[in-house]
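A.B. asks: Provided below: work12.cif, containing mmCIF, C-alpha atoms and all ligand atoms.
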```cif
data_query
loop_
_atom_site.label_atom_id
_atom_site.label_comp_id
_atom_site.auth_asym_id
_atom_site.auth_seq_id
_atom_site.Cartn_x
_atom_site.Cartn_y
_atom_site.Cartn_z
CA MET A 1 37.36 1.79 10.34
CA LYS A 2 34.28 3.44 8.92
CA PRO A 3 30.81 3.14 10.46
CA ALA A 4 28.18 0.85 9.02
CA ALA A 5 25.61 2.69 6.88
CA PHE A 6 22.88 4.59 8.70
CA ASP A 7 20.12 7.08 7.93
CA TYR A 8 20.65 10.57 9.30
CA VAL A 9 17.84 12.71 10.70
CA VAL A 10 18.39 16.32 11.75
CA ALA A 11 15.74 17.03 14.37
CA GLU A 12 14.57 20.64 14.57
CA SER A 13 12.55 20.15 17.77
CA ILE A 14 12.33 17.77 20.72
CA ASP A 15 8.99 16.51 19.38
CA ALA A 16 10.60 15.71 16.00
CA ALA A 17 13.52 13.96 17.71
CA VAL A 18 11.37 11.71 19.88
CA ALA A 19 9.08 10.96 16.92
CA ALA A 20 12.13 9.87 14.87
CA LEU A 21 13.36 7.71 17.76
CA ALA A 22 9.93 6.11 18.22
CA ALA A 23 9.68 5.41 14.47
CA ALA A 24 13.04 3.60 14.48
CA ASP A 25 11.72 0.99 16.93
CA GLY A 26 14.86 0.81 19.10
CA GLU A 27 17.34 0.95 16.21
CA ALA A 28 18.18 4.70 16.46
CA LYS A 29 20.83 6.57 18.45
CA VAL A 30 20.82 10.20 19.51
CA LEU A 31 23.81 12.19 18.22
CA ALA A 32 24.90 15.01 20.55
CA GLY A 33 28.61 15.97 20.64
CA GLY A 34 29.58 12.69 18.97
CA GLN A 35 32.73 12.36 21.09
CA SER A 36 31.79 8.93 22.40
CA LEU A 37 29.19 7.82 19.85
CA VAL A 38 31.27 8.40 16.71
CA PRO A 39 34.27 6.33 17.90
CA MET A 40 31.85 3.53 18.80
CA LEU A 41 30.31 3.72 15.32
CA ASN A 42 33.75 3.73 13.69
CA PHE A 43 34.77 0.63 15.63
CA ARG A 44 31.36 -0.88 14.78
CA LEU A 45 30.62 -1.44 18.43
CA LEU A 46 27.26 0.13 17.56
CA ARG A 47 25.32 -0.22 14.30
CA PRO A 48 22.22 1.96 14.61
CA SER A 49 20.01 2.17 11.54
CA VAL A 50 19.31 5.88 12.21
CA LEU A 51 21.20 8.73 13.85
CA VAL A 52 18.96 11.45 15.26
CA ASP A 53 21.05 14.64 15.43
CA ILE A 54 19.80 16.89 18.25
CA ASN A 55 22.41 19.65 17.77
CA ARG A 56 20.03 22.00 15.95
CA ILE A 57 17.18 21.80 18.45
CA PRO A 58 16.79 25.30 19.87
CA GLY A 59 16.70 25.73 23.65
CA LEU A 60 18.57 22.56 24.62
CA ALA A 61 21.87 24.28 25.54
CA PHE A 62 21.58 26.63 28.52
CA ILE A 63 22.56 27.21 32.14
CA GLU A 64 19.79 28.87 34.15
CA GLU A 65 19.60 29.86 37.79
CA GLU A 66 16.39 29.33 39.75
CA ALA A 67 15.79 30.02 43.44
CA ASP A 68 16.86 26.57 44.67
CA ALA A 69 18.62 25.00 41.71
CA ILE A 70 20.72 25.46 38.61
CA ILE A 71 19.17 23.96 35.48
CA VAL A 72 21.47 22.79 32.70
CA GLY A 73 20.22 21.93 29.22
CA ALA A 74 21.31 18.49 28.01
CA LEU A 75 23.09 19.93 24.96
CA THR A 76 25.28 22.25 27.05
CA ARG A 77 28.92 21.69 26.02
CA HIS A 78 31.51 20.75 28.60
CA HIS A 79 33.51 23.91 27.91
CA ARG A 80 30.48 26.12 28.61
CA LEU A 81 30.07 24.43 31.99
CA GLU A 82 33.78 24.91 32.64
CA MET A 83 33.61 28.66 31.89
CA SER A 84 30.22 29.43 33.46
CA PRO A 85 30.32 32.03 36.28
CA VAL A 86 27.02 30.62 37.63
CA ILE A 87 28.51 27.13 37.88
CA ALA A 88 31.74 28.54 39.39
CA LEU A 89 29.70 30.38 42.03
CA HIS A 90 27.40 27.53 43.05
CA PHE A 91 29.38 24.42 42.15
CA PRO A 92 33.11 25.18 42.06
CA VAL A 93 33.69 21.45 42.41
CA LEU A 94 32.04 21.01 39.00
CA THR A 95 34.18 23.77 37.46
CA GLU A 96 37.29 22.03 38.75
CA ALA A 97 36.13 18.62 37.52
CA MET A 98 35.56 19.94 33.99
CA ARG A 99 39.25 20.85 33.69
CA HIS A 100 40.04 17.14 34.02
CA LEU A 101 37.54 16.02 31.38
CA ALA A 102 39.38 15.14 28.15
CA HIS A 103 41.01 17.89 26.05
CA LEU A 104 39.71 21.32 25.08
CA ALA A 105 38.77 20.21 21.55
CA ILE A 106 36.62 17.43 23.01
CA ARG A 107 35.16 19.73 25.68
CA ASN A 108 34.11 22.12 22.90
CA ARG A 109 31.88 19.42 21.36
CA GLY A 110 30.94 17.00 24.15
CA THR A 111 27.71 17.65 26.07
CA ILE A 112 26.53 16.98 29.59
CA GLY A 113 23.54 14.99 28.30
CA GLY A 114 25.84 12.86 26.16
CA SER A 115 28.29 12.17 28.95
CA LEU A 116 25.54 11.17 31.41
CA SER A 117 23.72 9.03 28.84
CA HIS A 118 26.96 7.34 27.76
CA ALA A 119 27.90 6.63 31.42
CA ASP A 120 31.52 5.68 31.02
CA PRO A 121 32.56 4.13 34.37
CA ALA A 122 35.56 6.51 34.57
CA ALA A 123 33.80 9.72 33.45
CA GLU A 124 33.66 12.79 35.66
CA LEU A 125 30.12 14.03 34.98
CA PRO A 126 28.24 10.95 36.27
CA MET A 127 30.28 11.32 39.49
CA LEU A 128 29.34 15.00 39.73
CA ALA A 129 25.66 14.26 39.00
CA LEU A 130 25.67 11.79 41.92
CA LEU A 131 27.58 14.18 44.18
CA LEU A 132 25.20 17.06 43.48
CA ASP A 133 22.01 14.95 43.81
CA ALA A 134 21.06 15.78 40.22
CA THR A 135 17.76 14.84 38.63
CA LEU A 136 17.49 14.19 34.92
CA HIS A 137 14.46 15.22 32.89
CA VAL A 138 13.77 12.74 30.13
CA VAL A 139 11.18 12.78 27.36
CA SER A 140 9.81 10.30 24.81
CA ALA A 141 6.79 10.27 22.52
CA ASN A 142 4.85 8.97 25.56
CA GLY A 143 5.65 12.10 27.59
CA PRO A 144 8.17 13.34 30.15
CA ARG A 145 9.57 11.71 33.27
CA VAL A 146 12.15 12.56 35.91
CA VAL A 147 14.85 10.23 37.21
CA THR A 148 17.39 10.81 39.98
CA ALA A 149 21.08 10.38 39.19
CA GLN A 150 21.14 7.69 41.89
CA ASP A 151 18.66 5.60 39.86
CA PHE A 152 19.95 6.60 36.42
CA PHE A 153 23.35 4.86 36.45
CA ILE A 154 22.85 1.10 36.24
CA GLY A 155 26.13 -0.35 34.96
CA PRO A 156 29.01 0.28 32.54
CA LEU A 157 27.57 2.28 29.61
CA THR A 158 24.11 1.37 30.90
CA VAL A 159 21.54 3.87 32.16
CA ASP A 160 17.83 4.07 32.87
CA LEU A 161 16.99 5.42 29.43
CA ALA A 162 14.83 3.67 26.83
CA PRO A 163 15.99 3.78 23.17
CA ASP A 164 13.21 6.26 22.36
CA GLU A 165 13.99 8.66 25.22
CA ILE A 166 16.06 11.87 25.24
CA VAL A 167 17.58 13.61 28.24
CA THR A 168 16.49 17.25 27.99
CA ARG A 169 17.72 18.94 31.18
CA ILE A 170 19.61 18.29 34.37
CA VAL A 171 18.55 19.91 37.65
CA LEU A 172 21.28 20.57 40.22
CA PRO A 173 19.91 21.62 43.64
CA LYS A 174 21.94 24.41 45.25
CA LEU A 175 24.18 23.47 48.16
CA PRO A 176 23.87 25.00 51.66
CA PRO A 177 25.83 28.28 52.08
CA ALA A 178 29.54 27.92 52.93
CA THR A 179 29.74 24.33 51.75
CA GLY A 180 33.36 23.27 51.30
CA TRP A 181 34.43 21.07 48.41
CA GLY A 182 37.33 18.91 47.33
CA PHE A 183 38.28 17.22 44.07
CA ALA A 184 41.18 14.88 43.40
CA GLU A 185 41.93 12.83 40.27
CA VAL A 186 44.79 10.78 38.91
CA ALA A 187 45.00 9.97 35.19
CA ARG A 188 48.04 8.66 33.35
CA ARG A 189 48.19 11.78 31.15
CA SER A 190 46.33 15.08 31.22
CA GLY A 191 43.03 14.57 29.38
CA ASP A 192 42.94 10.79 29.82
CA PHE A 193 40.05 9.13 31.59
CA ALA A 194 40.63 8.95 35.35
CA LEU A 195 42.33 5.94 36.89
CA ALA A 196 40.36 7.12 39.91
CA ALA A 197 38.77 10.39 40.97
CA VAL A 198 36.90 11.59 44.03
CA ALA A 199 34.69 14.66 44.54
CA GLY A 200 33.32 15.72 47.91
CA THR A 201 31.25 18.44 49.54
CA LEU A 202 31.02 19.16 53.25
CA SER A 203 29.02 21.63 55.32
CA LEU A 204 29.49 22.45 59.01
CA ARG A 205 27.25 23.09 62.00
CA ASP A 206 28.78 24.06 65.37
CA GLY A 207 32.21 22.90 64.23
CA ALA A 208 31.04 19.43 63.21
CA ILE A 209 30.11 17.97 59.82
CA ALA A 210 26.42 18.68 59.18
CA GLU A 211 26.36 17.08 55.74
CA VAL A 212 29.03 15.35 53.71
CA ARG A 213 28.87 13.80 50.27
CA ILE A 214 31.58 11.74 48.60
CA ALA A 215 31.38 10.49 45.00
CA MET A 216 33.91 8.42 43.07
CA THR A 217 34.60 7.36 39.51
CA GLY A 218 36.91 4.85 37.80
CA VAL A 219 36.70 2.35 40.63
CA ASP A 220 33.52 0.39 39.98
CA GLU A 221 31.03 -0.49 37.26
CA THR A 222 29.58 3.03 37.52
CA ALA A 223 30.39 6.20 39.35
CA LYS A 224 29.04 5.85 42.88
CA ARG A 225 28.61 7.55 46.25
CA ALA A 226 30.64 6.40 49.26
CA SER A 227 27.52 6.12 51.44
CA ASP A 228 29.16 4.20 54.30
CA ALA A 229 31.95 6.75 54.62
CA GLU A 230 29.39 9.57 54.50
CA MET A 231 27.48 8.02 57.41
CA LEU A 232 30.70 7.53 59.37
CA LEU A 233 31.62 11.19 59.02
CA ALA A 234 28.25 12.85 59.67
CA GLY A 235 27.99 14.80 62.93
CA ARG A 236 31.70 14.59 63.77
CA ALA A 237 34.71 16.90 63.52
CA LEU A 238 37.28 15.85 60.93
CA THR A 239 40.40 14.49 62.63
CA PRO A 240 43.28 12.47 61.12
CA ASP A 241 41.82 9.32 62.71
CA LEU A 242 38.40 10.01 61.22
CA ILE A 243 39.92 10.62 57.77
CA ALA A 244 41.76 7.28 58.09
CA ALA A 245 38.50 5.52 58.98
CA ALA A 246 36.71 7.18 56.03
CA VAL A 247 39.54 6.19 53.68
CA ALA A 248 39.28 2.56 54.84
CA SER A 249 35.52 2.65 54.33
CA VAL A 250 35.92 4.10 50.81
CA ARG A 251 38.41 1.37 49.88
CA ALA A 252 36.06 -1.33 51.19
CA SER A 253 33.13 0.03 49.19
CA VAL A 254 34.64 -0.16 45.67
CA ASN A 255 35.14 -2.96 43.19
CA PRO A 256 37.74 -1.54 40.79
CA PRO A 257 38.67 -3.02 37.41
CA SER A 258 42.13 -4.27 36.48
CA ASP A 259 43.25 -3.28 32.99
CA LEU A 260 46.26 -2.20 30.93
CA HIS A 261 46.54 1.03 32.88
CA ALA A 262 46.31 -0.08 36.52
CA SER A 263 45.53 -3.08 38.69
CA ALA A 264 42.42 -3.25 40.87
CA ASP A 265 44.63 -3.13 43.99
CA TYR A 266 46.34 0.03 42.80
CA ARG A 267 43.02 1.71 42.02
CA ARG A 268 41.63 0.67 45.44
CA HIS A 269 44.67 2.17 47.16
CA LEU A 270 44.51 5.29 44.99
CA VAL A 271 40.84 6.03 45.59
CA GLY A 272 41.50 6.04 49.34
CA VAL A 273 44.36 8.53 48.96
CA LEU A 274 42.20 10.75 46.73
CA ALA A 275 39.23 10.55 49.13
CA GLY A 276 41.47 11.63 52.02
CA ARG A 277 42.70 14.63 50.01
CA ALA A 278 39.24 15.64 48.81
CA LEU A 279 37.80 15.40 52.33
CA ALA A 280 40.62 17.41 53.90
CA ASP A 281 40.21 20.15 51.25
CA ALA A 282 36.42 20.20 51.69
CA TRP A 283 36.86 20.56 55.47
CA ARG A 284 39.38 23.42 55.05
CA ARG A 285 37.14 25.23 52.59
CA ALA A 286 34.06 24.80 54.80
CA ARG A 287 36.04 26.39 57.67
CA GLY A 288 37.25 29.22 55.41
CA ASP A 289 40.90 28.10 55.65
CA MET A 290 41.28 27.52 51.90
CA PRO A 291 40.02 29.48 48.85
C1 LIG A 301 40.08 11.21 23.37
C2 LIG A 301 38.88 11.33 24.29
C3 LIG A 301 39.10 11.52 25.63
C4 LIG A 301 38.01 11.62 26.49
N1 LIG A 301 38.25 11.79 27.83
C5 LIG A 301 37.23 11.89 28.68
C6 LIG A 301 37.44 12.08 30.07
O1 LIG A 301 38.58 12.19 30.55
N2 LIG A 301 36.36 12.15 30.87
C7 LIG A 301 35.08 12.04 30.39
O2 LIG A 301 34.13 12.11 31.16
N3 LIG A 301 34.84 11.88 29.07
C8 LIG A 301 35.87 11.82 28.22
N4 LIG A 301 35.61 11.65 26.88
C9 LIG A 301 34.21 11.54 26.40
C10 LIG A 301 33.58 12.92 26.14
O3 LIG A 301 33.39 13.58 27.35
C11 LIG A 301 32.20 12.84 25.50
O4 LIG A 301 31.89 14.13 25.12
C12 LIG A 301 31.03 12.33 26.31
O5 LIG A 301 31.26 11.10 26.92
C13 LIG A 301 29.81 12.12 25.43
O6 LIG A 301 29.23 13.33 25.13
P1 LIG A 301 28.77 13.66 23.66
O7 LIG A 301 27.91 14.88 23.75
O8 LIG A 301 29.94 13.72 22.78
O9 LIG A 301 27.79 12.41 23.34
P2 LIG A 301 27.66 11.52 22.03
O10 LIG A 301 28.97 10.90 21.71
O11 LIG A 301 26.96 12.26 20.96
O12 LIG A 301 26.66 10.41 22.60
C14 LIG A 301 27.08 9.50 23.58
C15 LIG A 301 25.90 8.56 23.91
O13 LIG A 301 24.88 9.28 24.59
C16 LIG A 301 23.66 9.27 23.82
N5 LIG A 301 23.11 10.63 23.97
C17 LIG A 301 23.76 11.79 23.74
N6 LIG A 301 23.00 12.83 24.12
C18 LIG A 301 21.82 12.31 24.57
C19 LIG A 301 20.63 12.89 25.10
N7 LIG A 301 20.48 14.21 25.27
N8 LIG A 301 19.64 12.05 25.48
C20 LIG A 301 19.78 10.69 25.33
N9 LIG A 301 20.88 10.09 24.85
C21 LIG A 301 21.90 10.90 24.48
C22 LIG A 301 24.08 8.92 22.40
O14 LIG A 301 23.03 8.30 21.70
C23 LIG A 301 25.24 7.97 22.68
O15 LIG A 301 24.74 6.70 23.01
C24 LIG A 301 36.67 11.57 25.99
C25 LIG A 301 36.45 11.40 24.62
C26 LIG A 301 37.54 11.29 23.76
C27 LIG A 301 37.28 11.12 22.30
#
```
Let me see the structure of the file written as structure tokens.

C.D. replies:
Amino acid sequence: MKPAAFDYVVAESIDAAVAALAAADGEAKVLAGGQSLVPMLNFRLLRPSVLVDINRIPGLAFIEEEADAIIVGALTRHHRLEMSPVIALHFPVLTEAMRHLAHLAIRNRGTIGGSLSHADPAAELPMLALLLDATLHVVSANGPRVVTAQDFFIGPLTVDLAPDEIVTRIVLPKLPPATGWGFAEVARRSGDFALAAVAGTLSLRDGAIAEVRIAMTGVDETAKRASDAEMLLAGRALTPDLIAAAVASVRASVNPPSDLHASADYRRHLVGVLAGRALADAWRRARGDMP
């Protein structure tokens, strides 16, 4: 199908983009990489009266290192994140996750701001934003605001973003030194959305878990953290029994969908298996037993 007719505005600045969004009175959509928006237009799931193209706004695509955080511009393409030495150094779990996100052609166009704003319940980047305690900087004609990833994701394809707001940058606080990480995903084919995926980080103090984070995607209405399992693990050494308890907690904390690709029961089982693998890898890496 072809999209319904719309006006097309190429914004040359953030101010121009938010002015165009405000003028459209809730009827406009931001166009970033177009990898999710354009299919939705073609299927007429969305019929905006205006598309505001942000691709030519200078200074929206960047990866910058600050003392305590890495700042990523909203228009940064997935492939740039995947290839970034700064990301590989500070967030190897994010580098690994990017290799599972769609296909190279899509990663060349799709943007981090688009993926987070779209909030597909099986997407990798919302899971990574939750895992890494990201904050999103958002702007509208009324001014800027900051929202945590934890508050941003509300439901399937639903985020805390008004129709006249644009995500401009994502702040990723650095992890403690020697933090281990693990990532595990199952999709039916390479490049497909995940049936389930888990990402974890783990740091040690005196041989016990000082801090652990577990995030999941594909198994609920949004990506989410496994907070109960995190609490269970904190302060303890990782043993097979503790992994089994964490896996049970993860399975109890999700509400997976059933669809053409997999049943809810299968996804619930799968997310436990993946959480066990991600945790074991994070533990090994934190101890220096795995590259
Ligand atoms: C075949 C295929 C397979 C895919 N597989 C995966 C996968 O495995 N994992 C995965 O995570 N994704 C997958 N995707 C989606 C892809 O990652 C998209 O790039 C991403 O979801 C959206 O990014 P985009 O820049 O293309 O956003 P767009 O499509 O341009 O926009 C998406 C939505 O976000 C809004 N938006 C965009 N940027 C901003 C901004 N800065 N501020 C406010 N709102 C904004 C738009 O208005 C729109 O509502 C796949 C896509 C395709 C076509």

A.B. asks: Box time for stretch 160-176 of chain A: axis-aligned, enclosing all its listed atoms, 4 Å extra on each side; report centre and edge lengths in Å to one decimal, as lines of an AutoDock Vina configuration file.

C.D. replies:
```
center_x = 18.7
center_y = 14.3
center_z = 37.0
size_x = 19.0
size_y = 29.3
size_z = 37.3
```

A.B. asks: Which chains and residue numbers are within 7 Å of ligand LIG 301 (chain A), counting only C-alpha atoms and all ligand atoms, if I want them as a VMD selection string?

C.D. replies: chain A and resid 29 to 38 74 to 75 100 to 103 106 to 107 109 to 115 117 to 118 120 122 to 125 165 to 168 191 to 194

A.B. asks: Grab the residues selected above and save them as a PDB file, keeping the file's coordinate frame with C-alpha atoms.

C.D. replies:
```
ATOM      1  CA  LYS A  29      20.830   6.570  18.450  1.00  0.00           C
ATOM      2  CA  VAL A  30      20.820  10.200  19.510  1.00  0.00           C
ATOM      3  CA  LEU A  31      23.810  12.190  18.220  1.00  0.00           C
ATOM      4  CA  ALA A  32      24.900  15.010  20.550  1.00  0.00           C
ATOM      5  CA  GLY A  33      28.610  15.970  20.640  1.00  0.00           C
ATOM      6  CA  GLY A  34      29.580  12.690  18.970  1.00  0.00           C
ATOM      7  CA  GLN A  35      32.730  12.360  21.090  1.00  0.00           C
ATOM      8  CA  SER A  36      31.790   8.930  22.400  1.00  0.00           C
ATOM      9  CA  LEU A  37      29.190   7.820  19.850  1.00  0.00           C
ATOM     10  CA  VAL A  38      31.270   8.400  16.710  1.00  0.00           C
ATOM     11  CA  ALA A  74      21.310  18.490  28.010  1.00  0.00           C
ATOM     12  CA  LEU A  75      23.090  19.930  24.960  1.00  0.00           C
ATOM     13  CA  HIS A 100      40.040  17.140  34.020  1.00  0.00           C
ATOM     14  CA  LEU A 101      37.540  16.020  31.380  1.00  0.00           C
ATOM     15  CA  ALA A 102      39.380  15.140  28.150  1.00  0.00           C
ATOM     16  CA  HIS A 103      41.010  17.890  26.050  1.00  0.00           C
ATOM     17  CA  ILE A 106      36.620  17.430  23.010  1.00  0.00           C
ATOM     18  CA  ARG A 107      35.160  19.730  25.680  1.00  0.00           C
ATOM     19  CA  ARG A 109      31.880  19.420  21.360  1.00  0.00           C
ATOM     20  CA  GLY A 110      30.940  17.000  24.150  1.00  0.00           C
ATOM     21  CA  THR A 111      27.710  17.650  26.070  1.00  0.00           C
ATOM     22  CA  ILE A 112      26.530  16.980  29.590  1.00  0.00           C
ATOM     23  CA  GLY A 113      23.540  14.990  28.300  1.00  0.00           C
ATOM     24  CA  GLY A 114      25.840  12.860  26.160  1.00  0.00           C
ATOM     25  CA  SER A 115      28.290  12.170  28.950  1.00  0.00           C
ATOM     26  CA  SER A 117      23.720   9.030  28.840  1.00  0.00           C
ATOM     27  CA  HIS A 118      26.960   7.340  27.760  1.00  0.00           C
ATOM     28  CA  ASP A 120      31.520   5.680  31.020  1.00  0.00           C
ATOM     29  CA  ALA A 122      35.560   6.510  34.570  1.00  0.00           C
ATOM     30  CA  ALA A 123      33.800   9.720  33.450  1.00  0.00           C
ATOM     31  CA  GLU A 124      33.660  12.790  35.660  1.00  0.00           C
ATOM     32  CA  LEU A 125      30.120  14.030  34.980  1.00  0.00           C
ATOM     33  CA  GLU A 165      13.990   8.660  25.220  1.00  0.00           C
ATOM     34  CA  ILE A 166      16.060  11.870  25.240  1.00  0.00           C
ATOM     35  CA  VAL A 167      17.580  13.610  28.240  1.00  0.00           C
ATOM     36  CA  THR A 168      16.490  17.250  27.990  1.00  0.00           C
ATOM     37  CA  GLY A 191      43.030  14.570  29.380  1.00  0.00           C
ATOM     38  CA  ASP A 192      42.940  10.790  29.820  1.00  0.00           C
ATOM     39  CA  PHE A 193      40.050   9.130  31.590  1.00  0.00           C
ATOM     40  CA  ALA A 194      40.630   8.950  35.350  1.00  0.00           C
TER      41      ALA A 194
END
```

A.B. asks: For A:Gly288, which residue among A:Ser203, A:Ser13, A:Thr135, A:Thr148 is the nearest when counting only C-alpha atoms?

C.D. replies: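 Going through A:Ser203, A:Ser13, A:Thr135, A:Thr148 one by one, the smallest distance to A:Gly288 is for A:Ser203.
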
A.B. asks: Leaving out A:Gly200 and any residue of its chain fewer than 6 positions from it, which residues lie within 9 Å of it when counting all atoms listed in the file, given as an mmCIF file with C-alpha atoms, in the frame of the given file?

C.D. replies:
```cif
data_model
loop_
_atom_site.group_PDB
_atom_site.id
_atom_site.type_symbol
_atom_site.label_atom_id
_atom_site.label_comp_id
_atom_site.auth_asym_id
_atom_site.auth_seq_id
_atom_site.Cartn_x
_atom_site.Cartn_y
_atom_site.Cartn_z
ATOM 1 C CA VAL A 93 33.690 21.450 42.410
ATOM 2 C CA LEU A 131 27.580 14.180 44.180
ATOM 3 C CA GLY A 180 33.360 23.270 51.300
ATOM 4 C CA TRP A 181 34.430 21.070 48.410
ATOM 5 C CA GLY A 182 37.330 18.910 47.330
ATOM 6 C CA PHE A 183 38.280 17.220 44.070
ATOM 7 C CA VAL A 212 29.030 15.350 53.710
ATOM 8 C CA ARG A 213 28.870 13.800 50.270
ATOM 9 C CA ILE A 214 31.580 11.740 48.600
ATOM 10 C CA ALA A 215 31.380 10.490 45.000
ATOM 11 C CA MET A 216 33.910 8.420 43.070
ATOM 12 C CA ALA A 275 39.230 10.550 49.130
ATOM 13 C CA ALA A 278 39.240 15.640 48.810
ATOM 14 C CA LEU A 279 37.800 15.400 52.330
ATOM 15 C CA ASP A 281 40.210 20.150 51.250
ATOM 16 C CA ALA A 282 36.420 20.200 51.690
#
```

A.B. asks: Could you tell me how far atom CA of A:Tyr266 sits from atom CA of A:Leu202, in Å to one decimal place?

C.D. replies: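 Atom CA of A:Leu202 sits 26.6 Å away from atom CA of A:Tyr266.
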
A.B. asks: Could you tell me how far atom CA of A:Asn108 lies from atom CA of A:Phe43, in Å and to one decimal?

C.D. replies: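 Computing it gives 22.7 Å between the two atoms.
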
A.B. asks: What gap, in Å, lies between atom CA of A:His79 and atom CA of A:Ile170?

C.D. replies: 16.3 Å

A.B. asks: Hey, could you make a per-residue contact list for stretch 72-173 of chain A against stretch 218-242 of chain A with 12 Å as the cut-off, showing the nearest pair of atoms and its distance in Å to one decimal, counting only C-alpha atoms, sorted by chain and number, as CSV?

C.D. replies:
```
residue,atom,partner,partner_atom,distance
A:Leu116,CA,A:Ala223,CA,10.5
A:His118,CA,A:Thr222,CA,11.0
A:Ala119,CA,A:Thr222,CA,7.3
A:Asp120,CA,A:Thr222,CA,7.3
A:Pro121,CA,A:Thr222,CA,4.5
A:Ala122,CA,A:Gly218,CA,3.9
A:Ala123,CA,A:Gly218,CA,7.2
A:Glu124,CA,A:Ala223,CA,8.2
A:Leu125,CA,A:Ala223,CA,9.0
A:Pro126,CA,A:Ala223,CA,6.1
A:Met127,CA,A:Ala223,CA,5.1
A:Leu128,CA,A:Ala223,CA,8.9
A:Ala129,CA,A:Ala223,CA,9.4
A:Leu130,CA,A:Arg225,CA,6.7
A:Leu131,CA,A:Arg225,CA,7.0
A:Leu132,CA,A:Arg225,CA,10.5
A:Asp133,CA,A:Arg225,CA,10.2
A:Ala149,CA,A:Lys224,CA,9.9
A:Gln150,CA,A:Lys224,CA,8.2
A:Asp151,CA,A:Lys224,CA,10.8
A:Phe152,CA,A:Thr222,CA,10.3
A:Phe153,CA,A:Thr222,CA,6.6
A:Ile154,CA,A:Thr222,CA,7.1
A:Gly155,CA,A:Glu221,CA,5.4
A:Pro156,CA,A:Glu221,CA,5.2
A:Leu157,CA,A:Thr222,CA,8.2
A:Thr158,CA,A:Thr222,CA,8.7
A:Val159,CA,A:Thr222,CA,9.7
```

A.B. asks: Nearest residue to A:Ser258 out of A:Leu195, A:Val86, A:Met98, A:Ala178, using only C-alpha atoms?

C.D. replies: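 Looking only at the distances to A:Ser258, the closest residue turns out to be A:Leu195.
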
A.B. asks: Closest to A:Met40 among A:Ala4, A:Leu172, A:Ala19, A:Val52, using only C-alpha atoms?

C.D. replies: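 Under the stated criterion, the closest residue is A:Ala4.
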
A.B. asks: Using all atoms listed in the file for the distances, tell me which of A:Leu45, A:Ala286, A:Ala67, A:Val171 is nearest to A:Leu204.

C.D. replies: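 Result for the nearest residue to A:Leu204: A:Ala286.
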
A.B. asks: Please rebuild stretch 277-288 of chain A with N, CA and C atoms and give the result as a CSV table (one decimal), in the frame of the given file.

C.D. replies:
```csv
chain,number,residue,atom,x,y,z
A,277,ARG,N,42.4,13.3,50.4
A,277,ARG,CA,42.7,14.6,50.0
A,277,ARG,C,41.4,15.5,49.8
A,278,ALA,N,40.5,14.9,49.1
A,278,ALA,CA,39.2,15.6,48.8
A,278,ALA,C,38.5,16.0,50.1
A,279,LEU,N,38.5,15.1,51.1
A,279,LEU,CA,37.8,15.4,52.3
A,279,LEU,C,38.5,16.5,53.1
A,280,ALA,N,39.9,16.4,53.2
A,280,ALA,CA,40.6,17.4,53.9
A,280,ALA,C,40.4,18.8,53.3
A,281,ASP,N,40.4,18.9,51.9
A,281,ASP,CA,40.2,20.2,51.2
A,281,ASP,C,38.8,20.7,51.5
A,282,ALA,N,37.8,19.8,51.5
A,282,ALA,CA,36.4,20.2,51.7
A,282,ALA,C,36.3,20.8,53.1
A,283,TRP,N,36.9,20.1,54.1
A,283,TRP,CA,36.9,20.6,55.5
A,283,TRP,C,37.5,21.9,55.6
A,284,ARG,N,38.7,22.1,55.0
A,284,ARG,CA,39.4,23.4,55.0
A,284,ARG,C,38.5,24.5,54.4
A,285,ARG,N,37.9,24.2,53.3
A,285,ARG,CA,37.1,25.2,52.6
A,285,ARG,C,35.9,25.6,53.4
A,286,ALA,N,35.3,24.6,54.0
A,286,ALA,CA,34.1,24.8,54.8
A,286,ALA,C,34.4,25.7,56.0
A,287,ARG,N,35.6,25.6,56.5
A,287,ARG,CA,36.0,26.4,57.7
A,287,ARG,C,36.6,27.7,57.2
A,288,GLY,N,36.7,28.0,55.9
A,288,GLY,CA,37.2,29.2,55.4
A,288,GLY,C,38.8,29.3,55.4
```
